[in-house]
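Q: Sharing start23.cif (mmCIF, C-alpha atoms and all ligand atoms) below.
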```
data_structure
#
loop_
_atom_site.label_atom_id
_atom_site.label_comp_id
_atom_site.auth_asym_id
_atom_site.auth_seq_id
_atom_site.Cartn_x
_atom_site.Cartn_y
_atom_site.Cartn_z
CA MET A 1 33.44 63.22 -92.12
CA ALA A 2 36.70 63.49 -90.12
CA GLU A 3 36.86 60.58 -87.72
CA ILE A 4 36.95 61.34 -83.99
CA ARG A 5 40.23 59.88 -82.79
CA HIS A 6 41.69 59.42 -79.34
CA ASN A 7 44.97 57.85 -80.41
CA TRP A 8 46.76 60.93 -81.74
CA THR A 9 50.54 60.97 -81.39
CA LYS A 10 52.48 64.11 -80.48
CA GLU A 11 54.26 63.82 -83.84
CA GLU A 12 50.98 63.90 -85.76
CA ILE A 13 49.73 66.90 -83.80
CA ASN A 14 53.07 68.63 -84.25
CA THR A 15 52.89 68.15 -88.02
CA ILE A 16 49.42 69.69 -88.11
CA TYR A 17 50.43 72.60 -85.85
CA ASN A 18 53.40 73.44 -88.09
CA LYS A 19 51.64 73.42 -91.47
CA PRO A 20 51.77 76.60 -93.57
CA LEU A 21 49.26 78.86 -91.82
CA LEU A 22 46.63 79.18 -94.54
CA ALA A 23 46.76 75.47 -95.39
CA LEU A 24 46.19 74.81 -91.69
CA VAL A 25 43.24 77.21 -91.56
CA LEU A 26 41.71 75.66 -94.68
CA GLU A 27 41.95 72.16 -93.24
CA ALA A 28 40.46 73.32 -89.93
CA ALA A 29 37.66 75.18 -91.72
CA ASN A 30 36.76 72.01 -93.64
CA VAL A 31 36.68 69.92 -90.46
CA HIS A 32 34.62 72.64 -88.81
CA ASN A 33 32.14 72.73 -91.67
CA GLU A 34 31.66 68.96 -91.53
CA HIS A 35 30.98 68.83 -87.81
CA HIS A 36 29.30 72.12 -86.95
CA VAL A 37 26.92 74.70 -88.32
CA PHE A 38 29.41 77.13 -89.84
CA GLY A 39 29.02 80.64 -88.42
CA GLU A 40 27.14 79.49 -85.35
CA VAL A 41 28.89 80.66 -82.18
CA GLN A 42 28.04 79.74 -78.63
CA ILE A 43 27.88 82.70 -76.28
CA SER A 44 28.84 82.05 -72.68
CA SER A 45 28.69 84.53 -69.90
CA LEU A 46 31.05 84.45 -66.93
CA LEU A 47 30.46 85.55 -63.37
CA SER A 48 32.96 85.45 -60.56
CA VAL A 49 30.81 84.29 -57.64
CA LYS A 50 33.75 84.22 -55.21
CA THR A 51 36.68 86.45 -56.01
CA GLY A 52 40.34 86.52 -54.97
CA GLY A 53 42.13 85.25 -51.89
CA CYS A 54 42.95 81.90 -53.50
CA SER A 55 45.60 79.72 -51.83
CA GLU A 56 47.10 78.42 -55.11
CA ASP A 57 50.21 79.82 -56.81
CA CYS A 58 49.07 79.77 -60.49
CA ALA A 59 51.59 82.24 -61.92
CA TYR A 60 49.11 83.84 -64.32
CA CYS A 61 46.28 84.39 -61.89
CA PRO A 62 45.21 87.75 -60.47
CA GLN A 63 43.15 85.93 -57.83
CA ALA A 64 46.03 84.15 -56.08
CA ALA A 65 46.29 85.58 -52.55
CA ARG A 66 50.09 85.57 -52.65
CA TYR A 67 50.38 88.13 -55.47
CA ASN A 68 49.60 91.82 -55.02
CA THR A 69 47.27 92.45 -57.92
CA GLY A 70 44.77 94.83 -56.40
CA VAL A 71 41.89 92.41 -56.99
CA GLN A 72 39.19 93.06 -54.42
CA VAL A 73 38.46 89.90 -52.42
CA HIS A 74 34.76 89.07 -52.39
CA ALA A 75 33.09 86.29 -50.39
CA LEU A 76 30.59 83.98 -52.08
CA MET A 77 27.76 86.00 -53.62
CA LYS A 78 24.10 85.74 -52.66
CA THR A 79 22.05 83.37 -54.79
CA SER A 80 19.53 86.07 -55.69
CA ASP A 81 22.30 88.32 -57.09
CA VAL A 82 23.67 85.45 -59.15
CA VAL A 83 20.25 84.69 -60.59
CA ALA A 84 19.79 88.36 -61.52
CA ALA A 85 23.14 88.29 -63.36
CA ALA A 86 22.16 85.10 -65.17
CA MET A 87 18.86 86.63 -66.32
CA ASN A 88 20.75 89.63 -67.60
CA ALA A 89 23.18 87.40 -69.49
CA LYS A 90 20.31 85.46 -71.03
CA ALA A 91 18.68 88.68 -72.19
CA GLY A 92 21.96 89.47 -73.95
CA GLY A 93 21.83 86.21 -75.91
CA ALA A 94 24.01 83.99 -73.70
CA SER A 95 23.03 80.32 -73.78
CA ARG A 96 25.57 79.25 -71.15
CA PHE A 97 26.19 80.81 -67.75
CA CYS A 98 29.46 79.97 -66.04
CA MET A 99 30.06 80.66 -62.35
CA GLY A 100 33.69 80.84 -61.22
CA ALA A 101 35.08 80.61 -57.72
CA ALA A 102 38.65 81.33 -56.68
CA TRP A 103 38.97 78.10 -54.76
CA ARG A 104 41.75 75.50 -54.83
CA GLU A 105 39.10 72.85 -54.36
CA VAL A 106 35.50 72.48 -53.30
CA ARG A 107 34.95 71.73 -49.62
CA ASP A 108 31.81 70.11 -48.27
CA ASN A 109 30.53 73.11 -46.39
CA ARG A 110 27.78 75.73 -46.46
CA ASP A 111 29.42 77.59 -49.35
CA PHE A 112 29.18 74.46 -51.49
CA ASP A 113 25.54 74.06 -50.46
CA ARG A 114 24.96 77.63 -51.64
CA VAL A 115 26.63 76.90 -54.99
CA LEU A 116 24.32 73.89 -55.37
CA GLU A 117 21.40 76.24 -54.72
CA MET A 118 22.75 78.66 -57.38
CA VAL A 119 23.05 75.88 -59.95
CA LYS A 120 19.48 74.78 -59.24
CA ALA A 121 18.19 78.33 -59.57
CA VAL A 122 20.03 79.19 -62.80
CA ASN A 123 18.93 75.87 -64.24
CA THR A 124 15.33 77.00 -64.13
CA LEU A 125 16.23 79.79 -66.61
CA ASP A 126 16.75 77.26 -69.39
CA MET A 127 20.43 78.06 -69.76
CA GLU A 128 23.35 75.63 -69.79
CA VAL A 129 24.77 76.03 -66.30
CA CYS A 130 28.53 75.73 -65.89
CA CYS A 131 30.81 76.02 -62.88
CA THR A 132 34.54 76.32 -62.36
CA LEU A 133 35.31 75.81 -58.69
CA GLY A 134 38.70 74.08 -58.61
CA MET A 135 39.25 70.43 -57.73
CA LEU A 136 36.23 68.19 -57.16
CA THR A 137 35.82 64.75 -55.63
CA GLU A 138 33.61 62.13 -57.23
CA SER A 139 30.83 62.71 -54.70
CA GLN A 140 30.94 66.50 -55.12
CA ALA A 141 30.68 66.06 -58.89
CA ALA A 142 27.69 63.77 -58.38
CA LYS A 143 26.00 66.38 -56.17
CA LEU A 144 26.50 69.04 -58.85
CA ALA A 145 25.07 66.69 -61.47
CA ASP A 146 22.06 66.01 -59.24
CA VAL A 147 21.13 69.69 -59.13
CA GLY A 148 21.39 69.95 -62.92
CA LEU A 149 24.91 71.22 -63.61
CA TYR A 150 25.44 70.99 -67.36
CA ALA A 151 29.18 71.59 -67.69
CA TYR A 152 32.29 71.93 -65.53
CA ASN A 153 35.35 73.97 -66.53
CA HIS A 154 38.72 72.76 -65.32
CA ASN A 155 41.69 73.60 -67.53
CA VAL A 156 44.85 71.55 -67.89
CA ASP A 157 46.34 74.98 -68.71
CA THR A 158 49.55 73.78 -70.45
CA SER A 159 51.58 70.66 -71.21
CA GLU A 160 52.40 68.15 -68.52
CA GLU A 161 56.08 69.08 -68.91
CA HIS A 162 55.55 72.84 -68.49
CA TYR A 163 52.96 72.60 -65.72
CA GLY A 164 55.46 72.72 -62.83
CA GLU A 165 56.88 76.00 -64.17
CA VAL A 166 53.48 77.66 -63.75
CA ILE A 167 51.84 75.99 -60.74
CA THR A 168 53.44 74.13 -57.86
CA THR A 169 50.55 73.83 -55.41
CA ARG A 170 48.85 70.99 -57.29
CA THR A 171 49.83 68.51 -59.96
CA TYR A 172 48.80 67.78 -63.52
CA ASP A 173 47.46 64.44 -62.29
CA ASP A 174 45.24 66.27 -59.76
CA ARG A 175 43.76 68.19 -62.68
CA LEU A 176 43.18 65.03 -64.72
CA GLN A 177 41.60 63.29 -61.72
CA THR A 178 39.02 66.08 -61.39
CA LEU A 179 38.25 65.85 -65.10
CA SER A 180 37.67 62.14 -64.70
CA ASN A 181 35.40 62.72 -61.67
CA VAL A 182 33.38 65.22 -63.69
CA ARG A 183 33.11 62.81 -66.62
CA LYS A 184 31.98 59.98 -64.33
CA ALA A 185 29.17 62.16 -62.99
CA GLY A 186 27.89 62.61 -66.55
CA ILE A 187 28.65 66.35 -66.62
CA SER A 188 29.86 67.91 -69.88
CA VAL A 189 33.61 68.59 -69.69
CA CYS A 190 35.15 71.98 -70.51
CA SER A 191 38.94 71.90 -70.49
CA GLY A 192 41.63 73.78 -72.33
CA GLY A 193 44.46 76.08 -71.42
CA ILE A 194 46.42 79.27 -71.86
CA ILE A 195 49.03 80.35 -74.36
CA GLY A 196 51.60 82.99 -73.47
CA LEU A 197 52.81 81.37 -70.25
CA GLY A 198 56.36 81.09 -71.59
CA GLU A 199 55.71 77.67 -73.10
CA THR A 200 57.30 76.33 -76.30
CA ASP A 201 55.46 75.17 -79.41
CA GLU A 202 56.17 71.65 -78.19
CA ASP A 203 54.30 72.43 -74.95
CA ARG A 204 51.33 73.72 -76.93
CA VAL A 205 51.28 70.51 -78.93
CA GLY A 206 51.68 68.61 -75.63
CA MET A 207 48.63 70.33 -74.15
CA LEU A 208 46.49 69.46 -77.18
CA PHE A 209 47.87 65.91 -77.00
CA THR A 210 46.64 65.59 -73.39
CA LEU A 211 43.15 66.81 -74.32
CA ALA A 212 42.82 64.92 -77.61
CA THR A 213 43.89 61.59 -76.10
CA LEU A 214 41.44 61.66 -73.18
CA PRO A 215 39.03 58.69 -73.35
CA GLN A 216 36.38 61.20 -74.45
CA HIS A 217 37.25 64.68 -75.75
CA PRO A 218 36.12 67.65 -73.66
CA GLU A 219 32.91 68.96 -75.23
CA SER A 220 34.37 72.44 -74.83
CA VAL A 221 38.01 73.51 -75.23
CA PRO A 222 38.79 77.06 -74.13
CA ILE A 223 41.92 78.57 -75.65
CA ASN A 224 42.90 81.51 -73.46
CA THR A 225 45.65 83.95 -74.32
CA LEU A 226 47.39 85.19 -71.19
CA VAL A 227 45.92 88.43 -69.89
CA PRO A 228 49.03 89.78 -68.15
CA VAL A 229 48.14 91.21 -64.76
CA ALA A 230 50.51 93.48 -62.80
CA GLY A 231 51.66 91.79 -59.61
CA THR A 232 51.61 88.24 -61.03
CA PRO A 233 54.91 86.54 -61.91
CA LEU A 234 53.92 86.50 -65.61
CA ALA A 235 52.99 90.20 -65.79
CA ASP A 236 55.85 91.01 -68.19
CA ASN A 237 55.54 88.02 -70.50
CA ASN A 238 55.81 88.69 -74.22
CA LYS A 239 52.59 89.12 -76.15
CA VAL A 240 51.61 86.01 -78.14
CA PRO A 241 51.84 86.71 -81.88
CA PHE A 242 48.41 86.35 -83.47
CA ASP A 243 49.41 83.61 -85.92
CA GLN A 244 50.29 81.37 -82.98
CA LEU A 245 46.80 81.75 -81.56
CA VAL A 246 45.35 80.81 -84.96
CA ARG A 247 47.59 77.72 -85.06
CA MET A 248 46.38 76.69 -81.64
CA VAL A 249 42.70 77.16 -82.52
CA ALA A 250 43.02 75.37 -85.86
CA THR A 251 44.96 72.45 -84.43
CA ALA A 252 42.45 72.05 -81.59
CA ARG A 253 39.66 72.03 -84.19
CA ILE A 254 41.35 69.34 -86.30
CA VAL A 255 42.27 66.99 -83.46
CA MET A 256 38.93 67.39 -81.60
CA PRO A 257 36.50 67.86 -84.51
CA ALA A 258 33.23 67.71 -82.57
CA SER A 259 34.23 69.88 -79.60
CA ALA A 260 33.42 73.55 -79.19
CA VAL A 261 36.65 75.55 -79.38
CA ARG A 262 36.31 78.67 -77.28
CA LEU A 263 38.18 81.85 -78.10
CA SER A 264 38.46 82.78 -74.44
CA ALA A 265 40.55 85.31 -72.51
CA GLY A 266 42.58 87.75 -74.58
CA ARG A 267 39.98 88.87 -77.17
CA LEU A 268 40.36 92.48 -76.15
CA GLU A 269 43.79 92.46 -77.79
CA LEU A 270 42.43 91.09 -81.08
CA SER A 271 41.01 93.05 -84.01
CA VAL A 272 37.76 91.92 -85.63
CA ALA A 273 39.83 90.66 -88.60
CA GLU A 274 42.01 88.58 -86.29
CA GLN A 275 38.97 87.15 -84.53
CA ALA A 276 37.41 86.43 -87.92
CA MET A 277 40.39 84.29 -88.82
CA CYS A 278 39.99 82.40 -85.54
CA PHE A 279 36.31 81.74 -86.35
CA MET A 280 37.38 80.58 -89.81
CA ALA A 281 39.92 78.27 -88.16
CA GLY A 282 37.26 76.60 -86.04
CA ALA A 283 36.59 78.76 -83.01
CA ASN A 284 32.85 78.56 -82.29
CA SER A 285 32.41 79.85 -78.80
CA ILE A 286 33.22 83.06 -76.92
CA PHE A 287 32.76 84.67 -73.55
CA ALA A 288 30.63 87.77 -73.97
CA GLY A 289 30.11 90.58 -71.49
CA ASP A 290 32.51 93.35 -70.57
CA LYS A 291 34.20 91.36 -67.81
CA LEU A 292 35.73 87.88 -67.69
CA LEU A 293 36.26 86.97 -64.03
CA THR A 294 38.33 89.97 -62.94
CA THR A 295 39.77 91.37 -66.21
CA PRO A 296 38.05 93.27 -69.04
CA ASN A 297 36.54 91.69 -72.15
CA PRO A 298 35.11 93.40 -75.28
CA GLU A 299 31.94 95.43 -74.82
CA PHE A 300 28.77 93.51 -75.59
CA ASN A 301 27.74 95.99 -78.30
CA SER A 302 31.04 95.72 -80.14
CA ASP A 303 30.74 91.93 -80.11
CA MET A 304 27.24 92.18 -81.54
CA ALA A 305 28.54 94.50 -84.27
CA MET A 306 31.20 91.88 -85.03
CA PHE A 307 28.55 89.13 -85.20
CA GLU A 308 26.57 91.28 -87.60
CA MET A 309 29.56 92.05 -89.81
CA LEU A 310 30.77 88.44 -89.98
CA GLY A 311 27.30 86.91 -90.24
CA LEU A 312 27.73 84.94 -87.02
CA LYS A 313 24.70 83.60 -85.18
CA PRO A 314 24.41 82.84 -81.46
CA LYS A 315 23.90 79.14 -80.78
CA ALA A 316 20.82 78.10 -78.83
CA ALA A 317 21.15 76.40 -75.44
CA PHE A 318 21.16 72.59 -75.44
CA ALA A 319 21.45 72.47 -79.26
CA ASP A 320 23.89 69.56 -79.00
CA HIS A 321 21.05 67.42 -77.74
CA ASP A 322 18.75 68.43 -80.57
CA PRO A 323 18.73 65.63 -83.16
CA ARG A 324 17.96 68.14 -85.93
CA VAL A 325 21.32 69.83 -85.44
CA LYS A 326 24.16 68.69 -87.67
CA SER A 327 26.83 66.53 -86.02
CA ASN A 328 28.37 67.29 -82.64
CA GLN A 329 26.14 64.72 -81.01
CA PRO A 330 27.42 63.24 -77.76
CA GLN A 331 30.49 61.22 -78.72
CA HIS A 332 30.72 57.47 -78.66
CA GLU A 333 33.86 56.02 -77.24
CA HIS A 334 36.55 54.89 -79.66
CA ALA A 335 39.74 53.14 -78.67
N1 LIG B 401 39.95 78.30 -59.30
C1 LIG B 401 39.44 77.49 -60.32
C2 LIG B 401 40.51 76.80 -61.15
O1 LIG B 401 41.65 77.19 -61.07
O2 LIG B 401 40.15 75.87 -61.86
C3 LIG B 401 38.49 78.23 -61.27
C4 LIG B 401 38.79 79.63 -61.74
S1 LIG B 401 40.29 79.85 -62.68
C5 LIG B 401 40.45 81.60 -62.68
C6 LIG B 401 39.83 79.37 -64.33
C7 LIG B 401 40.84 79.47 -65.41
O3 LIG B 401 41.03 80.81 -65.81
C8 LIG B 401 42.26 79.00 -65.15
O4 LIG B 401 42.40 77.62 -65.22
C9 LIG B 401 43.03 79.68 -66.27
O5 LIG B 401 43.11 78.82 -67.40
C10 LIG B 401 42.18 80.91 -66.59
N2 LIG B 401 42.91 82.15 -66.26
C11 LIG B 401 43.13 82.65 -65.02
N3 LIG B 401 43.84 83.79 -65.08
C12 LIG B 401 44.10 84.03 -66.39
C13 LIG B 401 44.80 85.06 -67.09
N4 LIG B 401 45.41 86.05 -66.44
N5 LIG B 401 44.85 84.99 -68.43
C14 LIG B 401 44.24 83.97 -69.09
N6 LIG B 401 43.57 82.98 -68.48
C15 LIG B 401 43.50 83.00 -67.15
C1 LIG B 402 38.49 79.77 -69.08
O1 LIG B 402 39.15 78.93 -69.72
N1 LIG B 402 38.68 81.08 -69.15
C2 LIG B 402 37.79 81.78 -68.24
C3 LIG B 402 36.91 80.64 -67.70
N2 LIG B 402 37.52 79.47 -68.25
C4 LIG B 402 36.65 80.50 -66.27
C5 LIG B 402 38.50 82.59 -67.23
C6 LIG B 402 39.45 83.61 -67.83
C7 LIG B 402 39.98 84.41 -66.72
C8 LIG B 402 40.84 85.55 -67.19
C9 LIG B 402 41.39 86.32 -66.06
C10 LIG B 402 40.37 87.02 -65.21
O2 LIG B 402 39.45 87.67 -65.73
O3 LIG B 402 40.51 86.96 -63.98
FE1 LIG B 403 43.16 79.96 -57.62
FE2 LIG B 403 42.06 79.12 -59.90
FE3 LIG B 403 43.48 81.42 -59.82
FE4 LIG B 403 44.75 79.12 -59.57
S1 LIG B 403 43.59 79.81 -61.38
S2 LIG B 403 45.06 80.92 -58.28
S3 LIG B 403 43.25 77.89 -58.44
S4 LIG B 403 41.57 81.01 -58.78
#
```
Could you quickly redo this structure as structure tokens?
Ligand code: SAM
Ligand code: DTB
Ligand code: SF4
A:
Amino acid sequence: MAEIRHNWTKEEINTIYNKPLLALVLEAANVHNEHHVFGEVQISSLLSVKTGGCSEDCAYCPQAARYNTGVQVHALMKTSDVVAAAMNAKAGGASRFCMGAAWREVRDNRDFDRVLEMVKAVNTLDMEVCCTLGMLTESQAAKLADVGLYAYNHNVDTSEEHYGEVITTRTYDDRLQTLSNVRKAGISVCSGGIIGLGETDEDRVGMLFTLATLPQHPESVPINTLVPVAGTPLADNNKVPFDQLVRMVATARIVMPASAVRLSAGRLELSVAEQAMCFMAGANSIFAGDKLLTTPNPEFNSDMAMFEMLGLKPKAAFADHDPRVKSNQPQHEHA
């Protein structure tokens, strides 16, 4: 079985990323088959619990207050509405429910108390509860863990070198500090990034290098393709050619063999055949439901038709803690 390594060099990752495409996919498929149940795909559902009006300047984001994107600002939702959405998602086969807030960071106030209440409530539905709320301190992470938060999403987004071209209102180190706070609290880490931000292949390799050399790999690695939104500085960026997405997915799979690789934003632009190649290359998680946070995602029924055609099966919640399931057990630390 492919060893789980934390000492990858950029050169090694670069060599993998640049292999002939089908050789790369074959290698990734083999690693995938060793570490995961082939064809099993985790379904996550996303809900924006607080939308728009964000103080940050993330150049891709429709929710940044400083760009005119037409996104309707919405204060923090009521807990009962969030629970209803989670029940709906569960009925549709989702095993993970992720609540997103357009915040720079969490503040210790009544809104945070309400998010803690939401986490507690969704937890009773026997789903993996995930949040993405911006930067967290160690004590905020501990509070989320106490109420049963399963996972926290916080993306590094791109390479350390390219980061300043995309976001200036916080640093790469701020991002890494939050990931470390989440890890310390014993919460499962979800961290990946976006392609299509104007980065080079070297930056893509650099992003995977950051993730694959963390002391423990993120359990979940979302690979988003930029959804260009009118009004944001990146609205007119070139479309990412499909083979580059496959390279990214396959390389992530090879360098982080036990992690879930999530084919995240951007699926609406992909055909079933293109998505199939991503699943072959090691993607084993998606966001389902016709909306991501503010932008559209494939219709639930068309995703189910794709699952049927490709023979994919939704993964059960908490399967990683089930000793009967092949591999992907919580990782032990290696040097
Ligand atoms: N505000 C929190 C934060 O920044 O961590 C949580 C929500 S934020 C919208 C979550 C992630 O969504 C971002 O880190 C980014 O990777 C992704 N994202 C945002 N806008 C996107 C877009 N237009 N296309 C693709 N991914 C996007
Ligand atoms: C992630 O990596 N992608 C999701 C989730 N984590 C929070 C968000 C995608 C957002 C796409 C733009 C939008 O819908 O606003
Ligand atoms: Fe705010 Fe998050 Fe959007 Fe950045 S990505 S502007 S922090 S909501």
Q: So which residues are close to (48.6, 90.8, -70.3), meaning at most 12 Å away in the file's coordinates with only C-alpha atoms counted, and can you show them as a ChimeraX atom specification?
A: /A:60-62,194-197,224-240,265-269,295-296
Q: Can you sort out the box for stretch 64-72 of chain A, edges along x, y and z, all listed atoms in, 5 Å on every side, with centre and edge lengths in Å to one decimal, as JSON?
A:
```
{"center_x": 44.8, "center_y": 89.5, "center_z": -55.2, "size_x": 21.2, "size_y": 20.7, "size_z": 15.4}
```
Q: Please identify every polymer residue within 10 Å of ligand LIG 402 (chain B), using all atoms listed in the file, and present the set as a PyMOL selection string.
A: chain A and resi 44-48+51-52+60-63+71+98-102+130-133+152-157+190-194+220-229+262-266+286-287+291-297
Q: With distances taken over all atoms listed in the file, which of A:Arg175, A:Arg5, A:Arg66, A:Arg107 is nearest to ligand LIG 401 (chain B)?
A: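 The answer is A:Arg175, which sits nearest to ligand LIG 401 (chain B).
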Q: Could you tell me, as an mmCIF file with C-alpha atoms, in the frame of the given file, which residues have any atom at most 12 Å from (18.4, 76.8, -57.2), counting all atoms listed in the file?
A:
```cif
data_model
loop_
_atom_site.group_PDB
_atom_site.id
_atom_site.type_symbol
_atom_site.label_atom_id
_atom_site.label_comp_id
_atom_site.auth_asym_id
_atom_site.auth_seq_id
_atom_site.Cartn_x
_atom_site.Cartn_y
_atom_site.Cartn_z
ATOM 1 C CA LYS A 78 24.100 85.740 -52.660
ATOM 2 C CA THR A 79 22.050 83.370 -54.790
ATOM 3 C CA SER A 80 19.530 86.070 -55.690
ATOM 4 C CA VAL A 82 23.670 85.450 -59.150
ATOM 5 C CA VAL A 83 20.250 84.690 -60.590
ATOM 6 C CA ASP A 113 25.540 74.060 -50.460
ATOM 7 C CA ARG A 114 24.960 77.630 -51.640
ATOM 8 C CA VAL A 115 26.630 76.900 -54.990
ATOM 9 C CA LEU A 116 24.320 73.890 -55.370
ATOM 10 C CA GLU A 117 21.400 76.240 -54.720
ATOM 11 C CA MET A 118 22.750 78.660 -57.380
ATOM 12 C CA VAL A 119 23.050 75.880 -59.950
ATOM 13 C CA LYS A 120 19.480 74.780 -59.240
ATOM 14 C CA ALA A 121 18.190 78.330 -59.570
ATOM 15 C CA VAL A 122 20.030 79.190 -62.800
ATOM 16 C CA ASN A 123 18.930 75.870 -64.240
ATOM 17 C CA THR A 124 15.330 77.000 -64.130
ATOM 18 C CA LEU A 125 16.230 79.790 -66.610
ATOM 19 C CA VAL A 129 24.770 76.030 -66.300
ATOM 20 C CA LEU A 144 26.500 69.040 -58.850
ATOM 21 C CA ASP A 146 22.060 66.010 -59.240
ATOM 22 C CA VAL A 147 21.130 69.690 -59.130
ATOM 23 C CA GLY A 148 21.390 69.950 -62.920
ATOM 24 C CA LEU A 149 24.910 71.220 -63.610
#
```
Q: Which distance in Å separates atom CA of A:Tyr172 and atom CA of A:Ser188, to one decimal?
A: 20.0 Å
Q: Looking at all atoms listed in the file, which of A:Arg204, A:His74, A:Arg104, A:His217 is the one that sits closest to A:Tyr17?
A: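 Result for the nearest residue to A:Tyr17: A:Arg204.
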Q: Set the distance at 12 Å and use all atoms listed in the file: which residues neighbour A:Trp8 once local chain neighbours fewer than 5 positions away are removed? I'd like the list as an NGL selection string.
A: :A and (3 or 13-16 or 205-206 or 208-215 or 217 or 251-252 or 254-256 or 335)
Q: For each of A:Val246, A:Met207, A:Ala91, A:Leu21, take the minimum atom-to-atom distance to A:His162, counting only C-alpha atoms, then give the residue where this is smallest.
A: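 So, comparing all the options, the nearest one is A:Met207.
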Q: Nearest to ligand LIG 401 (chain B): which of A:Asn18, A:Met135, A:Thr69, A:Ala94 is it, counting all atoms listed in the file?
A: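 For ligand LIG 401 (chain B), the nearest of the candidates is A:Met135.
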